[in-house]
file query-v3.cif (mmCIF, C-alpha atoms)
data_query
#
loop_
_atom_site.label_atom_id
_atom_site.label_comp_id
_atom_site.auth_asym_id
_atom_site.auth_seq_id
_atom_site.Cartn_x
_atom_site.Cartn_y
_atom_site.Cartn_z
CA MET A 297 21.79 17.89 -30.62
CA THR A 298 20.25 16.21 -27.63
CA THR A 299 21.95 16.15 -24.28
CA ILE A 300 21.05 13.50 -21.77
CA ALA A 301 21.28 14.85 -18.24
CA ILE A 302 22.07 12.07 -15.78
CA GLY A 303 21.48 12.53 -12.07
CA THR A 304 23.27 10.07 -9.83
CA GLU A 305 24.05 9.42 -6.19
CA LYS A 306 27.38 11.19 -6.63
CA GLY A 307 26.78 14.04 -9.01
CA GLY A 308 25.37 14.92 -12.37
CA PHE A 309 26.68 14.23 -15.84
CA LEU A 310 25.84 15.59 -19.27
CA LEU A 311 26.08 12.99 -22.02
CA ASP A 312 26.09 13.52 -25.76
CA PRO A 313 24.52 10.31 -27.06
CA ASP A 314 25.89 10.80 -30.55
CA ASP A 315 29.58 10.83 -29.76
CA GLY A 316 29.46 9.47 -26.21
CA GLU A 317 31.18 12.52 -24.76
CA VAL A 318 30.52 12.95 -21.06
CA SER A 319 30.98 16.11 -19.01
CA GLU A 320 33.02 16.34 -15.87
CA PRO A 321 30.85 15.56 -12.84
CA LEU A 322 28.49 18.34 -11.87
CA PHE A 323 28.18 18.95 -8.12
CA PRO A 324 30.50 16.02 -7.30
CA GLY A 325 29.54 14.29 -4.09
CA TRP A 326 25.98 15.58 -4.22
CA LYS A 327 22.99 13.48 -5.16
CA VAL A 328 21.20 14.91 -8.17
CA THR A 329 17.57 14.12 -7.53
CA ALA A 330 15.66 15.97 -10.26
CA PHE A 331 16.11 17.97 -13.43
CA GLY A 332 13.90 20.63 -14.92
CA ARG A 333 13.72 23.60 -17.26
CA SER A 334 12.09 26.95 -16.73
CA GLY A 335 12.47 30.00 -18.90
CA GLU A 336 16.10 30.23 -19.89
CA HIS A 337 17.18 28.13 -16.94
CA TYR A 338 18.17 24.51 -16.63
CA LEU A 339 17.53 23.25 -13.11
CA ALA A 340 19.02 20.54 -10.96
CA GLY A 341 17.69 19.49 -7.59
CA VAL A 342 20.57 18.30 -5.45
CA ALA A 343 20.89 16.86 -1.99
CA SER A 344 23.64 15.83 0.38
CA ASN A 345 23.70 13.65 3.45
CA TRP A 346 25.90 16.33 5.02
CA PHE A 347 24.41 19.55 3.70
CA GLY A 348 20.75 18.88 2.92
CA PRO A 349 18.94 19.94 -0.26
CA GLY A 350 19.48 22.71 -2.76
CA ILE A 351 18.74 23.87 -6.27
CA GLN A 352 21.29 24.76 -8.92
CA ARG A 353 20.53 26.69 -12.10
CA SER A 354 22.35 27.25 -15.37
CA THR A 355 21.61 29.01 -18.63
CA ASP A 356 24.35 27.34 -20.65
CA LEU A 357 24.95 23.96 -18.95
CA GLN A 358 28.45 25.18 -18.17
CA GLU A 359 28.17 27.58 -15.26
CA TRP A 360 25.85 26.60 -12.42
CA THR A 361 24.69 28.86 -9.60
CA ALA A 362 22.95 27.91 -6.39
CA THR A 363 19.64 29.54 -5.61
CA ASP A 364 19.60 30.98 -2.11
CA ALA A 365 15.94 30.32 -1.26
CA PRO A 366 15.00 26.72 -2.14
CA PRO A 367 11.61 25.30 -1.09
CA SER A 368 11.22 25.33 2.66
CA TYR A 369 8.42 24.64 5.07
CA GLY A 370 9.77 27.28 7.38
CA ASP A 371 8.18 25.46 10.25
CA ASP A 372 8.57 26.32 13.86
CA PRO A 373 11.14 23.71 14.92
CA GLU A 374 9.27 23.27 18.17
CA ALA A 375 6.01 22.49 16.41
CA GLU A 376 4.68 18.99 16.87
CA ASP A 377 4.34 18.44 13.13
CA ALA A 378 7.58 20.16 12.13
CA ARG A 379 8.94 18.81 8.89
CA GLU A 380 11.79 19.53 6.57
CA VAL A 381 12.42 19.57 2.86
CA LYS A 382 14.95 16.81 2.26
CA ALA A 383 15.12 16.78 -1.54
CA VAL A 384 13.39 17.99 -4.68
CA TRP A 385 11.95 14.95 -6.41
CA THR A 386 10.45 16.58 -9.47
CA PHE A 387 10.11 19.83 -11.38
CA HIS A 388 7.22 20.63 -13.68
CA ARG A 389 6.88 23.73 -15.82
CA ASP A 390 3.59 25.07 -17.23
CA ASP A 391 2.57 28.37 -18.76
CA GLU A 392 2.47 30.18 -15.45
CA TRP A 393 4.43 28.35 -12.79
CA LEU A 394 7.43 26.20 -12.13
CA TRP A 395 6.29 23.48 -9.74
CA ALA A 396 8.35 21.30 -7.43
CA GLY A 397 7.42 18.14 -5.59
CA VAL A 398 9.59 17.48 -2.57
CA GLU A 399 10.39 15.07 0.25
CA GLU A 400 9.01 15.28 2.95
CA ALA A 401 5.95 15.20 0.78
CA GLY A 402 5.04 18.69 -0.26
CA LEU A 403 4.20 20.90 -3.18
CA PHE A 404 5.78 24.26 -4.01
CA ARG A 405 5.70 26.64 -6.97
CA SER A 406 7.80 29.46 -8.28
CA ALA A 407 7.01 32.46 -10.46
CA ASP A 408 10.68 33.33 -11.07
CA ASP A 409 12.18 30.19 -12.54
CA GLY A 410 13.05 28.71 -9.19
CA ALA A 411 14.71 31.65 -7.47
CA THR A 412 11.99 31.79 -4.81
CA TRP A 413 9.20 29.40 -3.87
CA GLU A 414 5.83 29.36 -2.19
CA GLY A 415 4.25 26.34 -0.56
CA LEU A 416 0.73 25.27 -1.44
CA ASP A 417 -1.16 24.94 1.80
CA GLY A 418 -4.01 23.13 0.07
CA PHE A 419 -1.60 20.24 -0.37
CA ASN A 420 1.01 20.73 2.34
CA ALA A 421 -1.59 21.18 5.05
CA HIS A 422 -4.11 18.75 3.57
CA ARG A 423 -6.69 17.51 6.05
CA THR A 424 -5.27 13.97 5.72
CA ARG A 425 -1.64 15.05 6.25
CA ALA A 426 -1.29 13.39 9.65
CA ASP A 427 -2.07 10.04 8.04
CA TRP A 428 0.56 10.24 5.30
CA GLY A 429 3.21 7.57 5.52
CA PRO A 430 6.40 6.90 3.55
CA GLY A 431 7.23 4.17 1.08
CA LEU A 432 10.67 2.61 1.07
CA GLY A 433 11.83 5.55 -1.03
CA GLY A 434 10.61 8.06 1.50
CA LEU A 435 7.57 10.29 1.90
CA CYS A 436 7.81 12.24 -1.30
CA THR A 437 5.81 14.16 -3.87
CA HIS A 438 7.38 12.79 -7.00
CA ARG A 439 5.15 13.88 -9.85
CA VAL A 440 3.28 17.09 -10.61
CA LEU A 441 1.17 17.52 -13.74
CA THR A 442 -0.93 20.50 -14.75
CA HIS A 443 -3.45 21.49 -17.41
CA GLY A 444 -4.97 24.91 -16.87
CA ASP A 445 -6.37 24.96 -13.36
CA ARG A 446 -6.17 21.16 -13.12
CA VAL A 447 -3.28 20.00 -10.98
CA TYR A 448 -2.32 16.42 -10.23
CA ALA A 449 0.24 15.55 -7.59
CA ALA A 450 1.45 12.02 -6.86
CA ALA A 451 2.90 11.27 -3.44
CA SER A 452 4.27 8.02 -2.06
CA ALA A 453 2.94 6.25 -0.21
CA VAL A 454 -0.15 8.45 -0.10
CA GLY A 455 -1.80 8.48 -3.52
CA VAL A 456 -2.79 10.77 -6.35
CA PHE A 457 -4.28 14.17 -5.56
CA ARG A 458 -6.32 16.35 -7.91
CA SER A 459 -7.02 20.06 -7.80
CA ASP A 460 -9.44 21.91 -10.07
CA ASP A 461 -8.71 25.35 -8.70
CA GLY A 462 -5.07 25.79 -9.55
CA GLY A 463 -3.78 24.13 -6.42
CA ALA A 464 -5.86 25.91 -3.80
CA THR A 465 -7.57 22.69 -2.74
CA PHE A 466 -6.90 19.02 -3.43
CA ASP A 467 -8.94 15.82 -3.34
CA LEU A 468 -7.55 12.30 -3.27
CA VAL A 469 -8.45 10.34 -6.42
CA ASN A 470 -7.54 6.67 -6.01
CA ASP A 471 -10.76 4.67 -6.45
CA GLY A 472 -9.97 1.37 -8.11
CA ILE A 473 -6.44 1.16 -6.79
CA PRO A 474 -5.86 -1.77 -4.42
CA VAL A 475 -4.50 -1.05 -0.99
CA ALA A 476 -0.83 -2.06 -0.98
CA GLY A 477 -0.33 -5.45 0.60
CA MET A 478 -4.00 -6.19 1.12
CA PRO A 479 -6.15 -8.46 -1.04
CA ALA A 480 -9.20 -6.50 -2.15
CA ASP A 481 -11.61 -8.88 -0.45
CA GLU A 482 -9.91 -8.33 2.89
CA VAL A 483 -10.41 -4.58 2.90
CA ASP A 484 -13.64 -3.72 4.62
CA GLU A 485 -13.28 -0.01 4.30
CA ARG A 486 -10.94 1.66 1.88
CA PRO A 487 -8.61 4.13 3.55
CA GLU A 488 -8.28 7.60 2.08
CA THR A 489 -4.49 7.42 1.94
CA GLY A 490 -1.84 4.70 1.73
CA TYR A 491 -1.81 4.23 -2.06
CA CYS A 492 1.74 3.74 -3.22
CA VAL A 493 1.75 5.46 -6.58
CA HIS A 494 5.13 5.09 -8.28
CA ASN A 495 4.62 7.22 -11.35
CA LEU A 496 1.94 9.24 -13.13
CA ARG A 497 1.53 10.55 -16.66
CA MET A 498 -1.17 12.55 -18.39
CA ASP A 499 -2.26 12.79 -21.99
CA PRO A 500 -1.53 16.46 -22.67
CA ALA A 501 -4.46 16.65 -25.09
CA ASP A 502 -6.89 15.08 -22.63
CA PRO A 503 -6.24 15.92 -18.98
CA ASP A 504 -8.82 13.35 -17.93
CA ARG A 505 -6.67 10.52 -19.26
CA LEU A 506 -4.02 9.43 -16.81
CA TYR A 507 -1.59 6.54 -16.69
CA ARG A 508 -0.27 5.28 -13.41
CA GLN A 509 2.49 2.86 -12.47
CA ASP A 510 1.53 1.85 -8.98
CA HIS A 511 2.96 -0.48 -6.41
CA MET A 512 -0.05 -2.65 -7.10
CA GLY A 513 0.01 -2.57 -10.91
CA VAL A 514 -0.47 -0.43 -13.99
CA PHE A 515 -3.68 1.55 -14.24
CA ARG A 516 -5.45 4.03 -16.51
CA SER A 517 -8.07 6.60 -15.72
CA ASP A 518 -10.35 8.19 -18.30
CA ASP A 519 -12.10 10.49 -15.87
CA GLY A 520 -9.35 12.50 -14.32
CA GLY A 521 -8.51 10.00 -11.63
CA HIS A 522 -12.00 9.51 -10.24
CA SER A 523 -11.78 5.86 -11.23
CA TRP A 524 -8.89 3.63 -12.26
CA GLN A 525 -8.83 0.46 -14.34
CA ARG A 526 -5.99 -2.07 -14.44
CA ARG A 527 -4.14 -1.97 -17.79
CA GLN A 528 -1.20 -4.38 -17.69
CA ASP A 529 -1.93 -7.23 -20.12
CA GLY A 530 1.36 -8.46 -21.51
CA LEU A 531 3.56 -7.31 -18.63
CA PRO A 532 5.48 -10.20 -17.07
CA ALA A 533 5.58 -8.68 -13.61
CA GLU A 534 3.68 -10.12 -10.74
CA MET A 535 1.05 -7.51 -9.92
CA GLY A 536 2.53 -5.26 -12.61
CA PHE A 537 5.15 -3.96 -10.21
CA GLY A 538 7.59 -1.31 -11.40
CA PHE A 539 8.50 2.34 -11.04
CA VAL A 540 8.51 3.81 -14.54
CA MET A 541 5.78 5.34 -16.64
CA ALA A 542 6.67 7.48 -19.65
CA ARG A 543 4.70 8.76 -22.63
CA GLU A 544 6.40 9.70 -25.88
CA GLY A 545 4.64 12.71 -27.35
CA SER A 546 4.63 12.15 -31.11
CA THR A 547 3.16 8.65 -30.92
CA GLY A 548 1.44 8.57 -27.53
CA ARG A 549 3.25 5.32 -26.83
CA LEU A 550 3.66 4.39 -23.19
CA PHE A 551 6.73 2.85 -21.60
CA THR A 552 7.36 1.02 -18.38
CA GLN A 553 9.90 -1.40 -16.96
CA PRO A 554 8.24 -4.34 -15.25
CA LEU A 555 9.87 -5.95 -12.24
CA HIS A 556 9.33 -9.45 -10.95
CA SER A 557 7.52 -8.46 -7.79
CA ASP A 558 7.39 -6.18 -4.83
CA GLY A 559 9.48 -8.72 -2.95
CA GLN A 560 12.27 -9.08 -5.54
CA ARG A 561 12.28 -5.83 -7.52
CA LEU A 562 14.38 -7.37 -10.30
CA PRO A 563 13.70 -7.91 -13.98
CA VAL A 564 11.99 -11.23 -14.63
CA ASP A 565 14.65 -13.89 -15.37
CA GLY A 566 17.37 -11.24 -15.50
CA ALA A 567 16.03 -9.90 -18.79
CA PHE A 568 16.25 -6.13 -18.61
CA ARG A 569 13.61 -4.82 -21.03
CA VAL A 570 11.51 -1.71 -21.37
CA TYR A 571 7.95 -2.57 -22.34
CA ARG A 572 5.75 -0.48 -24.60
CA SER A 573 2.05 -0.01 -25.16
CA ASP A 574 0.79 1.31 -28.50
CA ASP A 575 -2.85 1.25 -27.45
CA GLN A 576 -2.99 3.44 -24.37
CA GLY A 577 -2.25 0.66 -21.97
CA ALA A 578 -4.65 -1.98 -23.31
CA SER A 579 -1.72 -4.27 -24.12
CA TRP A 580 2.02 -4.31 -23.55
CA ALA A 581 5.00 -5.98 -25.23
CA VAL A 582 8.78 -5.71 -25.21
CA SER A 583 9.73 -2.42 -26.80
CA GLY A 584 11.60 -3.05 -30.03
CA THR A 585 15.08 -4.44 -30.44
CA GLY A 586 18.58 -3.95 -29.12
CA TRP A 587 18.34 -5.50 -25.69
CA SER A 588 21.19 -7.54 -24.30
CA ASP A 589 20.73 -11.27 -23.84
CA ALA A 590 23.27 -11.23 -21.00
CA PRO A 591 21.75 -11.45 -17.53
CA THR A 592 21.06 -7.87 -16.47
CA HIS A 593 19.66 -7.58 -12.98
CA THR A 594 19.00 -3.88 -12.80
CA LEU A 595 16.05 -1.54 -12.72
CA VAL A 596 14.92 1.97 -13.50
CA LEU A 597 13.86 4.28 -10.68
CA ARG A 598 10.88 6.59 -11.04
CA GLY A 599 12.81 9.73 -11.89
CA ALA A 600 15.30 8.07 -14.19
CA VAL A 601 13.22 8.30 -17.34
CA ASP A 602 12.36 11.03 -19.79
CA ALA A 603 10.59 11.20 -23.12
CA ASP A 604 10.28 14.01 -25.60
CA ASP A 605 7.93 14.71 -28.50
CA ASP A 606 10.40 13.61 -31.15
CA GLY A 607 10.73 9.88 -30.60
CA ARG A 608 13.30 9.90 -27.83
CA VAL A 609 12.96 8.01 -24.59
CA ALA A 610 15.90 7.59 -22.22
CA VAL A 611 16.15 5.50 -19.07
CA GLY A 612 18.94 5.24 -16.53
CA THR A 613 19.44 2.21 -14.33
CA THR A 614 20.46 1.59 -10.76
CA SER A 615 23.65 -0.01 -12.09
CA GLY A 616 24.58 3.14 -13.96
CA ALA A 617 23.66 2.35 -17.56
CA VAL A 618 21.73 4.63 -19.90
CA TRP A 619 19.48 3.22 -22.60
CA LEU A 620 18.07 5.34 -25.41
CA THR A 621 15.57 5.01 -28.20
CA GLU A 622 15.24 7.67 -30.87
CA ASP A 623 12.41 6.04 -32.79
CA ALA A 624 9.75 5.85 -30.09
CA GLY A 625 10.81 2.44 -28.93
CA ASP A 626 11.34 0.52 -32.16
CA SER A 627 15.02 0.13 -31.37
CA TRP A 628 17.16 0.74 -28.30
CA ARG A 629 20.85 1.09 -27.63
CA GLN A 630 22.93 1.36 -24.51
CA VAL A 631 24.81 4.63 -24.55
CA PRO A 632 28.53 4.26 -23.70
CA GLY A 633 29.48 4.98 -20.14
CA THR A 634 28.81 3.64 -16.67
CA PHE A 635 27.67 5.97 -13.94
CA PRO A 636 26.81 5.76 -10.25
CA ARG A 637 23.27 4.70 -9.37
CA ILE A 638 20.97 6.84 -11.51
CA GLY A 639 17.95 8.55 -9.99
CA ALA A 640 17.15 11.26 -12.52
CA VAL A 641 17.29 11.54 -16.31
CA ALA A 642 16.34 14.41 -18.61
CA LEU A 643 16.47 14.93 -22.36
CA TRP A 644 17.67 18.48 -23.04
CA MET B 190 35.99 39.20 13.12
CA VAL B 191 35.97 35.44 13.19
CA THR B 192 37.77 33.30 10.67
CA VAL B 193 35.42 30.65 9.29
CA ARG B 194 36.57 27.55 7.46
CA LEU B 195 34.14 25.71 5.22
CA PRO B 196 34.39 22.17 3.83
CA ALA B 197 35.19 21.46 0.20
CA GLY B 198 31.93 19.59 -0.20
CA LEU B 199 30.08 22.87 -0.04
CA ASP B 200 31.91 24.27 -3.08
CA PRO B 201 28.81 24.15 -5.34
CA PHE B 202 27.07 26.48 -2.89
CA THR B 203 29.94 28.74 -1.88
CA GLY B 204 31.66 29.39 -5.15
CA ALA B 205 34.50 27.33 -3.70
CA THR B 206 35.04 29.82 -0.86
CA ARG B 207 36.80 27.81 1.85
CA GLU B 208 37.76 30.57 4.26
CA LEU B 209 36.31 33.97 5.09
CA GLU B 210 35.86 36.34 7.98
CA VAL B 211 32.52 37.29 9.44
CA ASP B 212 31.19 39.01 12.53
CA GLY B 213 29.55 37.06 15.31
CA ALA B 214 29.70 36.46 19.05
CA ASP B 215 28.44 32.90 18.98
CA VAL B 216 28.05 30.11 16.41
CA ALA B 217 24.51 31.15 15.51
CA GLU B 218 25.66 34.69 14.78
CA VAL B 219 28.55 33.33 12.73
CA VAL B 220 26.09 31.29 10.69
CA ALA B 221 23.99 34.42 10.19
CA GLY B 222 27.11 36.25 9.08
CA LEU B 223 27.90 33.48 6.64
CA GLU B 224 24.39 33.76 5.22
CA ARG B 225 24.92 37.45 4.58
CA ALA B 226 28.22 36.75 2.84
CA LEU B 227 27.12 33.62 0.98
CA PRO B 228 23.32 33.70 0.63
CA GLY B 229 21.77 30.28 0.98
CA VAL B 230 24.68 28.65 2.78
CA ALA B 231 23.13 28.70 6.25
CA GLY B 232 20.54 26.11 5.27
CA HIS B 233 23.33 23.70 4.40
CA LEU B 234 24.89 24.02 7.85
CA VAL B 235 21.79 24.21 10.02
CA ASP B 236 18.64 22.17 9.45
CA GLY B 237 15.06 23.38 9.43
CA GLY B 238 14.86 22.70 13.12
CA GLY B 239 17.63 25.17 13.85
CA ARG B 240 20.19 22.49 14.71
CA LEU B 241 23.64 21.85 13.31
CA ARG B 242 23.11 19.30 10.55
CA ALA B 243 23.52 15.77 11.85
CA HIS B 244 26.60 14.82 9.85
CA LEU B 245 28.52 18.06 10.31
CA LEU B 246 31.02 18.98 12.97
CA CYS B 247 31.58 22.46 14.29
CA LEU B 248 34.89 23.31 15.92
CA VAL B 249 35.27 26.55 17.86
CA ASP B 250 38.96 27.21 18.24
CA GLY B 251 39.50 23.47 17.94
CA THR B 252 36.81 22.37 20.37
CA ALA B 253 33.78 20.54 19.02
CA THR B 254 30.32 21.84 19.76
CA ARG B 255 26.79 21.23 18.55
CA ASP B 256 25.39 24.12 20.54
CA LEU B 257 24.84 27.13 18.33
CA ALA B 258 24.88 29.35 21.40
CA THR B 259 28.55 28.55 22.02
CA PRO B 260 30.62 31.75 22.19
CA VAL B 261 33.24 31.95 19.48
CA GLY B 262 36.85 33.08 19.58
CA ASP B 263 39.22 33.38 16.65
CA GLU B 264 38.13 30.53 14.42
CA VAL B 265 35.06 28.46 13.61
CA ALA B 266 35.48 25.44 11.35
CA PHE B 267 32.66 23.41 9.84
CA LEU B 268 33.73 19.91 8.86
CA THR B 269 32.02 16.95 7.29
CA ALA B 270 31.85 14.17 9.82
CA VAL B 271 33.43 10.86 8.86
CA SER B 272 30.04 9.26 8.33
CA GLY B 273 30.56 5.83 6.88
CA GLY B 274 28.09 3.17 5.97
CA ALA B 275 27.21 4.29 2.47
CA ALA B 276 29.23 3.79 -0.69
#

call {"tool": "encode", "arguments": {"input": "query-v3.cif", "output": "structure tokens"}}
result
Amino acid sequence: MTTIAIGTEKGGFLLDPDDGEVSEPLFPGWKVTAFGRSGEHYLAGVASNWFGPGIQRSTDLQEWTATDAPPSYGDDPEAEDAREVKAVWTFHRDDEWLWAGVEEAGLFRSADDGATWEGLDGFNAHRTRADWGPGLGGLCTHRVLTHGDRVYAAASAVGVFRSDDGGATFDLVNDGIPVAGMPADEVDERPETGYCVHNLRMDPADPDRLYRQDHMGVFRSDDGGHSWQRRQDGLPAEMGFGFVMAREGSTGRLFTQPLHSDGQRLPVDGAFRVYRSDDQGASWAVSGTGWSDAPTHTLVLRGAVDADDDGRVAVGTTSGAVWLTEDAGDSWRQVPGTFPRIGAVALW
Amino acid sequence: MVTVRLPAGLDPFTGATRELEVDGADVAEVVAGLERALPGVAGHLVDGGGRLRAHLLCLVDGTATRDLATPVGDEVAFLTAVSGGAA
């Protein structure tokens, strides 16, 4: 049985897509900003306008317990560059570490399934840190990917970082990405930061192959991020704008949800569709069947998508709907239920 | 001992403890006492800059304060401010 974990502005929900059964709200009143798994633990990153961020863990999806030492900068409050962890935006588990990307943009890792965390100075105190600026969603590290000592971290609106020494040091890798809001021929000197990456995926068999949904389009890299090429043929969006990038493991198919433009951020002509690429981004088309013909002016945020290695891809929308494919995008269905604005989705 | 009242919104981080007694001569010491009793809770009351979180109220024997150095008496209550503007 698959459970779809749904993180919303007002709590979390666990949905059985087969019978439509939905749990009582988890952490009611708290935003659920990220889901993860580590060891025997399920993880939920939560945040509150009143109480700040936190992490909850469960081993059975029934009983949840707060960790008492979530990621923290531990800064001197009087320091000029004092900053605060406002929310966990992503968890990533590899063979050795549980990683977390947070707002304000930072990178942390845990050796005990999230009970305690250490910050990575090579990222958090990066030499360009003073130049980092937020996107409309905040200044956040929203994707962490690893393969051995290779670490990628995506931060908005900063760019993609790469480490080849397990996270000790990081370089920015954004060559080929346009500067947001600037025509390429008007940029005399490319800045090091200011690249509004929206999502990042890696081919687990080839850590040099990356897929990137960016503010300025959809891109692929075949050299570990050192160079990027635009790969958005077939997407209706102006500039290829959108927030989602997912990769289903058994087929390698890619998924995104194109939006009309940076200015509108709505599906083109009110047609809510997930698009799919079967050829590693070379071309894109509407993913399968099942979509509603009724006007559907909604979108999928960057954390509200998950894919497994068994054909399942789930997306949650800002209007509280959950769409699911179980055949790697050949057919889709809307799962019963309407939720608050969805910011995180996980297939468990 | 000081009686401390906590808001219902903190239930996921307090095990639904709404009232307890801790030692402390001022609000900061009360928060430290709460942290000993309910590990992790202090960070939800006080931000990383050491200030009462922006949308919380602290009442010391019924009088509002944002100064963590305020001496306490019999009761300290933390309340969620009526912060509108978001659905």

call {"tool": "interface_residues", "arguments": {"input": "query-v3.cif", "of": "chain A", "to": "chain B", "cutoff": "8 Å", "atoms": "all atoms listed in the file", "output": "list in words"}}
result
Phe323, Gly325, Asn345, Trp346, Phe347, Gly348, Pro349, Thr361, Ala362, Thr363, Asp364, Ala365, Gly370, Asp371, Asp372, Pro373, Glu374, Ala378, Arg379 and Glu380 of chain A

call {"tool": "resolve_selection", "arguments": {"input": "query-v3.cif", "expression": "the PyMOL selection byres ((chain A and resi 335) around 12)", "output": "PyMOL selection string"}}
result
chain A and resi 332-334+336-339+353-355+388-394+406-411

call {"tool": "resolve_selection", "arguments": {"input": "query-v3.cif", "expression": "the PyMOL selection byres ((chain B and resi 264) around 10)", "output": "PDB file with C-alpha atoms, in the frame of the given file"}}
result
ATOM      1  CA  MET B 190      35.990  39.200  13.120  1.00  0.00           C
ATOM      2  CA  VAL B 191      35.970  35.440  13.190  1.00  0.00           C
ATOM      3  CA  THR B 192      37.770  33.300  10.670  1.00  0.00           C
ATOM      4  CA  VAL B 193      35.420  30.650   9.290  1.00  0.00           C
ATOM      5  CA  ARG B 194      36.570  27.550   7.460  1.00  0.00           C
ATOM      6  CA  GLU B 210      35.860  36.340   7.980  1.00  0.00           C
ATOM      7  CA  LEU B 248      34.890  23.310  15.920  1.00  0.00           C
ATOM      8  CA  VAL B 249      35.270  26.550  17.860  1.00  0.00           C
ATOM      9  CA  ASP B 250      38.960  27.210  18.240  1.00  0.00           C
ATOM     10  CA  GLY B 251      39.500  23.470  17.940  1.00  0.00           C
ATOM     11  CA  VAL B 261      33.240  31.950  19.480  1.00  0.00           C
ATOM     12  CA  GLY B 262      36.850  33.080  19.580  1.00  0.00           C
ATOM     13  CA  ASP B 263      39.220  33.380  16.650  1.00  0.00           C
ATOM     14  CA  VAL B 265      35.060  28.460  13.610  1.00  0.00           C
ATOM     15  CA  ALA B 266      35.480  25.440  11.350  1.00  0.00           C
TER      16      ALA B 266
END

call {"tool": "closest_residue", "arguments": {"input": "query-v3.cif", "among": "A:Leu550, A:Ala642, A:Ser615, A:Arg446", "to": "Leu311 of chain A", "atoms": "only C-alpha atoms"}}
result
A:Ala642

call {"tool": "resolve_selection", "arguments": {"input": "query-v3.cif", "expression": "the PyMOL selection byres ((chain A and resi 603) around 12)", "output": "VMD selection string"}}
result
chain A and resid 298 300 497 540 to 552 599 to 602 604 to 611 619 to 625 641 to 644

call {"tool": "closest_residue", "arguments": {"input": "query-v3.cif", "among": "A:Asp529, A:Asp626, A:Glu400, A:Glu359", "to": "Asp575 of chain A", "atoms": "only C-alpha atoms"}}
result
A:Asp529

call {"tool": "closest_residue", "arguments": {"input": "query-v3.cif", "among": "B:Cys247, B:Ala258, B:Thr252, B:Val219", "to": "Pro196 of chain B", "atoms": "all atoms listed in the file"}}
result
B:Cys247

call {"tool": "closest_atom_pairs", "arguments": {"input": "query-v3.cif", "of": "segment 304-386 of chain A", "to": "segment 415-438 of chain A", "cutoff": "10 Å", "atoms": "all atoms listed in the file", "output": "tab-separated table"}}
result
residue	atom	partner	partner_atom	distance
A:Ala330	CA	A:His438	CA	9.4
A:Pro367	CA	A:Gly415	CA	7.5
A:Ser368	CA	A:Gly415	CA	7.7
A:Tyr369	CA	A:Gly415	CA	7.2
A:Gly370	CA	A:Gly415	CA	9.7
A:Asp377	CA	A:Ala426	CA	8.3
A:Val381	CA	A:Cys436	CA	9.6
A:Lys382	CA	A:Cys436	CA	9.2
A:Ala383	CA	A:Cys436	CA	8.6
A:Val384	CA	A:His438	CA	8.3
A:Trp385	CA	A:His438	CA	5.1
A:Thr386	CA	A:His438	CA	5.5

call {"tool": "write_last_selection", "arguments": {"input": "query-v3.cif", "atoms": "C-alpha atoms", "output": "tab-separated table (two decimals), keeping the file's coordinate frame"}}
result
chain	number	residue	atom	x	y	z
A	330	ALA	CA	15.66	15.97	-10.26
A	367	PRO	CA	11.61	25.30	-1.09
A	368	SER	CA	11.22	25.33	2.66
A	369	TYR	CA	8.42	24.64	5.07
A	370	GLY	CA	9.77	27.28	7.38
A	377	ASP	CA	4.34	18.44	13.13
A	381	VAL	CA	12.42	19.57	2.86
A	382	LYS	CA	14.95	16.81	2.26
A	383	ALA	CA	15.12	16.78	-1.54
A	384	VAL	CA	13.39	17.99	-4.68
A	385	TRP	CA	11.95	14.95	-6.41
A	386	THR	CA	10.45	16.58	-9.47

call {"tool": "residues_near_point", "arguments": {"input": "query-v3.cif", "point": "(29.3, 20.8, -10.5)", "cutoff": "9 Å", "atoms": "only C-alpha atoms", "output": "list in words"}}
result
Gly307, Gly308, Phe309, Glu320, Pro321, Leu322, Phe323, Pro324, Trp326, Gln358, Glu359 and Trp360 of chain A; Asp200 and Pro201 of chain B

call {"tool": "residues_around", "arguments": {"input": "query-v3.cif", "residues": "Leu310 of chain A", "least_positions_apart": "6", "cutoff": "8 Å", "atoms": "only C-alpha atoms", "output": "CSV table (one decimal) with C-alpha atoms, in the coordinates of the input"}}
result
chain,number,residue,atom,x,y,z
A,299,THR,CA,22.0,16.2,-24.3
A,300,ILE,CA,21.0,13.5,-21.8
A,301,ALA,CA,21.3,14.8,-18.2
A,302,ILE,CA,22.1,12.1,-15.8
A,318,VAL,CA,30.5,13.0,-21.1
A,319,SER,CA,31.0,16.1,-19.0
A,320,GLU,CA,33.0,16.3,-15.9

call {"tool": "atom_distance", "arguments": {"input": "query-v3.cif", "atom1": "atom CA of Gly490 of chain A", "atom2": "atom CA of Ala451 of chain A"}}
result
9.6 Å

call {"tool": "axis_aligned_box", "arguments": {"input": "query-v3.cif", "around": "segment 196-200 of chain B", "padding_each_side": "5 Å", "output": "AutoDock Vina command-line options"}}
result
--center_x 32.6 --center_y 21.9 --center_z 0.4 --size_x 15.1 --size_y 14.7 --size_z 16.9

call {"tool": "residues_around", "arguments": {"input": "query-v3.cif", "residues": "Glu305 of chain A", "least_positions_apart": "3", "cutoff": "9 Å", "atoms": "all atoms listed in the file", "output": "VMD selection string"}}
result
chain A and resid 308 325 to 329 636 to 639

call {"tool": "write_last_selection", "arguments": {"input": "query-v3.cif", "atoms": "C-alpha atoms", "output": "compact mmCIF listing (two decimals), in the frame of the given file"}}
result
# COMPACT_ATOMS: atom_id res chain seq x y z
CA GLY A 308 25.37 14.92 -12.37
CA GLY A 325 29.54 14.29 -4.09
CA TRP A 326 25.98 15.58 -4.22
CA LYS A 327 22.99 13.48 -5.16
CA VAL A 328 21.20 14.91 -8.17
CA THR A 329 17.57 14.12 -7.53
CA PRO A 636 26.81 5.76 -10.25
CA ARG A 637 23.27 4.70 -9.37
CA ILE A 638 20.97 6.84 -11.51
CA GLY A 639 17.95 8.55 -9.99
